[in-house]
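What follows is the content of work_18.cif, which has mmCIF, C-alpha atoms and all ligand atoms:
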```cif
data_my_file
#
loop_
_atom_site.label_atom_id
_atom_site.label_comp_id
_atom_site.auth_asym_id
_atom_site.auth_seq_id
_atom_site.Cartn_x
_atom_site.Cartn_y
_atom_site.Cartn_z
CA MET Q 78 22.67 5.32 3.58
CA ASN Q 79 19.90 7.46 5.07
CA PHE Q 80 16.67 6.14 3.56
CA SER Q 81 14.70 9.27 4.43
CA MET Q 82 17.13 11.40 2.36
CA LEU Q 83 16.32 9.44 -0.83
CA HIS Q 84 13.95 10.88 -3.44
CA PRO Q 85 10.40 9.38 -3.10
CA ALA Q 86 10.74 7.69 -6.53
CA ASP Q 87 13.98 5.98 -5.43
CA GLN Q 88 12.41 4.92 -2.14
CA ILE Q 89 9.49 3.33 -4.02
CA VAL Q 90 11.84 1.49 -6.43
CA MET Q 91 13.96 0.17 -3.57
CA ILE Q 92 11.03 -1.07 -1.48
CA MET Q 93 9.17 -2.58 -4.46
CA LYS Q 94 12.30 -4.56 -5.41
CA ARG Q 95 12.60 -5.81 -1.84
CA LEU Q 96 8.90 -6.74 -1.78
CA TYR Q 97 9.31 -8.57 -5.09
CA SER Q 98 12.40 -10.47 -3.92
CA TYR Q 99 10.52 -11.52 -0.75
CA GLN Q 100 7.82 -12.92 -3.08
CA MET Q 101 5.19 -10.68 -1.47
CA THR Q 102 4.05 -9.52 -4.87
CA THR Q 103 3.99 -10.69 -8.47
CA THR Q 104 5.15 -8.92 -11.65
CA SER Q 105 1.74 -7.21 -11.84
CA GLY Q 106 0.49 -7.05 -8.25
CA GLY Q 107 1.30 -4.92 -5.23
CA ASN Q 108 1.80 -1.18 -5.09
CA LEU Q 109 3.41 1.51 -2.97
CA SER Q 110 2.80 5.23 -2.65
CA ILE Q 111 4.43 8.10 -0.79
CA MET Q 112 2.72 11.42 -0.04
CA ASP Q 113 5.28 14.25 -0.15
CA ASP Q 114 5.27 17.63 1.64
CA GLU Q 115 3.60 19.31 -1.38
CA GLY Q 116 0.66 16.90 -1.37
CA ILE Q 117 1.95 15.05 -4.45
CA MET Q 118 1.36 11.30 -4.32
CA TRP Q 119 4.23 9.27 -5.84
CA ILE Q 120 3.04 5.78 -6.77
CA SER Q 121 4.23 2.64 -8.52
CA PRO Q 122 2.87 2.26 -12.09
CA SER Q 123 0.50 -0.38 -13.43
CA GLY Q 124 1.49 -2.73 -16.24
CA VAL Q 125 5.23 -2.58 -15.55
CA ASP Q 126 7.21 -5.56 -14.21
CA LYS Q 127 7.66 -4.79 -10.50
CA GLY Q 128 10.99 -6.61 -10.49
CA ASN Q 129 12.53 -4.13 -12.97
CA LEU Q 130 11.21 -0.72 -11.91
CA THR Q 131 13.35 2.40 -12.25
CA ALA Q 132 12.80 5.85 -10.73
CA ALA Q 133 11.63 7.13 -14.16
CA ASP Q 134 8.71 4.64 -14.04
CA ILE Q 135 7.25 6.08 -10.83
CA MET Q 136 4.05 8.06 -11.40
CA ARG Q 137 2.81 11.25 -9.74
CA VAL Q 138 -0.76 12.17 -8.84
CA MET Q 139 -0.86 15.93 -8.30
CA PRO Q 140 -3.13 17.55 -5.65
CA ASP Q 141 -5.60 18.57 -8.42
CA GLY Q 142 -5.77 14.96 -9.68
CA THR Q 143 -3.53 15.46 -12.74
CA ILE Q 144 -1.45 12.34 -13.44
CA ILE Q 145 2.16 12.78 -14.56
CA GLY Q 146 4.55 10.12 -15.81
CA PRO Q 147 5.17 7.65 -18.65
CA HIS Q 148 2.64 4.97 -17.55
CA LYS Q 149 -0.71 4.64 -15.81
CA PRO Q 150 -0.58 4.83 -12.02
CA SER Q 151 -1.31 1.63 -10.12
CA SER Q 152 -4.89 0.49 -10.75
CA GLU Q 153 -5.30 0.59 -6.96
CA TYR Q 154 -4.49 4.31 -6.70
CA PRO Q 155 -8.10 5.21 -5.71
CA PHE Q 156 -7.71 3.39 -2.40
CA HIS Q 157 -4.30 5.01 -1.75
CA LEU Q 158 -5.96 8.45 -2.14
CA ALA Q 159 -8.90 7.39 0.04
CA ILE Q 160 -6.51 6.33 2.83
CA TYR Q 161 -4.55 9.63 2.73
CA ARG Q 162 -7.86 11.54 2.84
CA ALA Q 163 -8.99 9.51 5.85
CA ARG Q 164 -5.65 9.70 7.64
CA PRO Q 165 -3.59 12.85 6.90
CA ASP Q 166 -0.97 11.62 9.43
CA LEU Q 167 0.08 8.82 7.06
CA ARG Q 168 2.78 9.47 4.44
CA ALA Q 169 3.19 6.03 2.86
CA VAL Q 170 0.78 3.27 1.84
CA LEU Q 171 1.88 -0.20 0.83
CA HIS Q 172 -0.29 -2.95 -0.65
CA ALA Q 173 0.97 -6.49 -1.20
CA HIS Q 174 -0.13 -10.08 -1.64
CA PRO Q 175 2.00 -12.09 0.80
CA PRO Q 176 0.86 -15.70 0.15
CA ALA Q 177 0.24 -16.56 3.82
CA LEU Q 178 -1.86 -13.43 4.42
CA VAL Q 179 -3.76 -14.00 1.17
CA ALA Q 180 -4.65 -17.45 2.56
CA PHE Q 181 -5.93 -15.84 5.78
CA SER Q 182 -7.87 -13.26 3.70
CA LEU Q 183 -9.62 -16.10 1.84
CA ILE Q 184 -10.89 -17.64 5.08
CA ARG Q 185 -11.57 -14.07 6.37
CA GLU Q 186 -9.61 -14.56 9.55
CA ILE Q 187 -7.11 -12.13 11.11
CA PRO Q 188 -4.03 -14.06 12.26
CA SER Q 189 -3.06 -13.69 15.91
CA THR Q 190 0.03 -11.49 16.24
CA ASN Q 191 0.45 -12.44 19.94
CA ILE Q 192 2.37 -15.60 19.13
CA ILE Q 193 5.65 -13.80 18.24
CA PRO Q 194 6.66 -10.75 20.36
CA ASN Q 195 8.31 -8.77 17.50
CA CYS Q 196 5.30 -9.40 15.30
CA HIS Q 197 2.97 -8.12 18.01
CA ILE Q 198 5.06 -4.95 18.49
CA LEU Q 199 5.04 -4.22 14.73
CA CYS Q 200 1.42 -5.29 14.17
CA PRO Q 201 -0.46 -4.61 17.41
CA LYS Q 202 -3.88 -4.37 15.76
CA VAL Q 203 -5.10 -5.51 12.41
CA ALA Q 204 -8.48 -4.92 10.75
CA MET Q 205 -10.27 -6.66 7.85
CA ALA Q 206 -11.95 -4.62 5.10
CA LYS Q 207 -15.02 -5.96 3.28
CA TYR Q 208 -14.53 -7.33 -0.22
CA ALA Q 209 -15.00 -5.11 -3.25
CA VAL Q 210 -13.65 -5.36 -6.80
CA PRO Q 211 -9.92 -4.40 -6.95
CA GLY Q 212 -9.43 -0.86 -8.28
CA SER Q 213 -13.01 0.23 -7.42
CA GLU Q 214 -14.00 3.35 -5.45
CA GLU Q 215 -16.06 1.00 -3.28
CA LEU Q 216 -12.94 -0.90 -2.19
CA GLY Q 217 -11.27 2.43 -1.36
CA ALA Q 218 -14.24 3.38 0.83
CA TYR Q 219 -14.17 0.06 2.72
CA ILE Q 220 -10.41 0.29 3.36
CA ALA Q 221 -10.52 3.98 4.37
CA GLU Q 222 -13.35 3.16 6.80
CA GLU Q 223 -10.98 0.84 8.72
CA PHE Q 224 -8.04 3.31 8.59
CA LYS Q 225 -10.39 5.98 10.03
CA LYS Q 226 -10.79 3.76 13.11
CA ASP Q 227 -7.03 4.21 13.57
CA TYR Q 228 -5.90 0.87 12.19
CA ASP Q 229 -2.56 1.05 10.32
CA ILE Q 230 -2.80 -2.50 8.99
CA VAL Q 231 -5.88 -3.60 7.09
CA MET Q 232 -6.37 -6.99 5.46
CA LEU Q 233 -8.63 -7.14 2.40
CA GLU Q 234 -11.10 -10.00 2.13
CA ASN Q 235 -10.14 -12.43 -0.67
CA HIS Q 236 -7.21 -10.24 -1.71
CA GLY Q 237 -4.22 -9.20 0.46
CA VAL Q 238 -3.13 -6.51 2.87
CA VAL Q 239 -2.61 -2.71 3.06
CA ILE Q 240 -0.28 -0.96 5.50
CA GLY Q 241 -0.06 2.75 6.22
CA SER Q 242 2.96 4.43 7.78
CA ARG Q 243 4.02 7.87 8.92
ZN ZN Q 301 -3.94 -6.31 -4.84
#
```
As structure tokens, please, write out the structure in this file.
Ligand SMILES: [Zn+2]
Amino acid sequence: MNFSMLHPADQIVMIMKRLYSYQMTTTSGGNLSIMDDEGIMWISPSGVDKGNLTAADIMRVMPDGTIIGPHKPSSEYPFHLAIYRARPDLRAVLHAHPPALVAFSLIREIPSTNIIPNCHILCPKVAMAKYAVPGSEELGAYIAEEFKKDYDIVMLENHGVVIGSR
């Protein structure tokens, strides 16, 4: 199967299920978005069990801000938009709560990725964004600030982690 040939909604469903089965998110936490060629942001919904998502549950935020779909978009969608605005080269944004990284985020320490070679290749540099209330514009601004400095992996104080990808 060629993952890049899948529809964005199917890609989101597949990755969210994997994230859920790895226990990197809960039924309510974690979110994933994909920016398509038309500037439409596809994003996981809020208030739907992340273990049972289907393609029909995936929400769209149109370039003019109109929201389309049967649910509300993820409550964290403001920071997804802020990241795409800061970094037009990125086409996917993933946010999760992996328990080990949440522990690091609570002590506000970035773990060393030098210990394991593969880890260092995948995560060469990691930033930490200041704390703000989840879902707030303020949190979006703090995260986008770090992405603007060319970080692709940003930990969130007292919260979790966000990763951007091309
Ligand atoms: Zn979160």
Sorted per-residue table, chain Q near ligand ZN 301 (chain Q), closest atoms and distance, 12 Å, only C-alpha atoms and all ligand atoms, as a tab-separated table:
```
residue	atom	partner	partner_atom	distance
Q:Met101	CA	Q:ZN301	ZN	10.7
Q:Thr102	CA	Q:ZN301	ZN	8.6
Q:Thr103	CA	Q:ZN301	ZN	9.8
Q:Thr104	CA	Q:ZN301	ZN	11.7
Q:Ser105	CA	Q:ZN301	ZN	9.1
Q:Gly106	CA	Q:ZN301	ZN	5.6
Q:Gly107	CA	Q:ZN301	ZN	5.4
Q:Asn108	CA	Q:ZN301	ZN	7.7
Q:Leu109	CA	Q:ZN301	ZN	10.9
Q:Ser123	CA	Q:ZN301	ZN	11.3
Q:Ser151	CA	Q:ZN301	ZN	9.9
Q:Ser152	CA	Q:ZN301	ZN	9.1
Q:Glu153	CA	Q:ZN301	ZN	7.3
Q:Tyr154	CA	Q:ZN301	ZN	10.8
Q:Phe156	CA	Q:ZN301	ZN	10.7
Q:His157	CA	Q:ZN301	ZN	11.7
Q:Leu171	CA	Q:ZN301	ZN	10.2
Q:His172	CA	Q:ZN301	ZN	6.5
Q:Ala173	CA	Q:ZN301	ZN	6.1
Q:His174	CA	Q:ZN301	ZN	6.2
Q:Pro175	CA	Q:ZN301	ZN	10.0
Q:Pro176	CA	Q:ZN301	ZN	11.7
Q:Leu178	CA	Q:ZN301	ZN	11.9
Q:Val179	CA	Q:ZN301	ZN	9.8
Q:Ser182	CA	Q:ZN301	ZN	11.7
Q:Tyr208	CA	Q:ZN301	ZN	11.6
Q:Ala209	CA	Q:ZN301	ZN	11.2
Q:Val210	CA	Q:ZN301	ZN	10.0
Q:Pro211	CA	Q:ZN301	ZN	6.6
Q:Gly212	CA	Q:ZN301	ZN	8.5
Q:Ser213	CA	Q:ZN301	ZN	11.5
Q:Leu216	CA	Q:ZN301	ZN	10.8
Q:Gly217	CA	Q:ZN301	ZN	11.9
Q:Met232	CA	Q:ZN301	ZN	10.6
Q:Leu233	CA	Q:ZN301	ZN	8.7
Q:Glu234	CA	Q:ZN301	ZN	10.7
Q:Asn235	CA	Q:ZN301	ZN	9.7
Q:His236	CA	Q:ZN301	ZN	6.0
Q:Gly237	CA	Q:ZN301	ZN	6.0
Q:Val238	CA	Q:ZN301	ZN	7.8
Q:Val239	CA	Q:ZN301	ZN	8.8
```
Record the distance separating CA of His84 in chain Q and CA of Met118 in chain Q, expressed in Å with one decimal.
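So the answer is 12.6 Å.
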Given the choices Q:Lys226, Q:Ser242, Q:Val170, Q:Ile144, which gets closest to Leu199 in chain Q if the distance is worked out from only C-alpha atoms?
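Comparing Q:Lys226, Q:Ser242, Q:Val170, Q:Ile144 against Leu199 in chain Q, the winner is Q:Ser242.
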Of the candidates Q:Ala218, Q:Ile111, Q:Ala177, Q:Ile240, which one gets nearest to Lys202 in chain Q if we count all atoms listed in the file?
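Smallest separation from Lys202 in chain Q among the options: Q:Ile240.
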So how far away is CA of Asp229 in chain Q from CA of Ile92 in chain Q, in Å?
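These two atoms are separated by 18.1 Å.
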Just the residues within 10 Å of Arg137 in chain Q, please, counting only C-alpha atoms, with nothing from its chain fewer than 3 positions along; format it as an MDAnalysis selection string.
chainID Q and resid 86 110:112 117:122 134 140 142:147 149:150
Between CA of Lys127 in chain Q and CA of Lys94 in chain Q - distance in Å to one decimal:
6.9 Å
Which residues, written as an MDAnalysis selection string, have at least one atom at most 12 Å from Asp114 in chain Q, with all atoms listed in the file counted and residues fewer than 6 positions away on the same chain left out?
chainID Q and resid 85 139:140 165:169
I'd like to know which of Q:Asp126, Q:Asp141, Q:Glu223, Q:Asp113 is closest to Ala204 in chain Q, using only C-alpha atoms.
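Ranking Q:Asp126, Q:Asp141, Q:Glu223, Q:Asp113 by distance to Ala204 in chain Q, first place goes to Q:Glu223.
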If I wrap all listed atoms of range 126-140 of chain Q in a box with edges along x, y and z and add 3 Å on each side, what are its centre and edge lengths in Å to one decimal, as JSON?
```
{"center_x": 5.1, "center_y": 5.5, "center_z": -9.9, "size_x": 22.5, "size_y": 30.2, "size_z": 14.6}
```
Pick from Q:Val90, Q:Ala163, Q:Leu158, Q:Ala221 nearest to Ala133 in chain Q, counting all atoms listed in the file
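Checking each candidate against Ala133 in chain Q, we get Q:Val90 as the closest.
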I need the residue nearest Gln88 in chain Q from this list: Q:Ile198, Q:Arg164, Q:Glu214, Q:Ile135. Use only C-alpha atoms for the distance.
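Checking each candidate against Gln88 in chain Q, we get Q:Ile135 as the closest.
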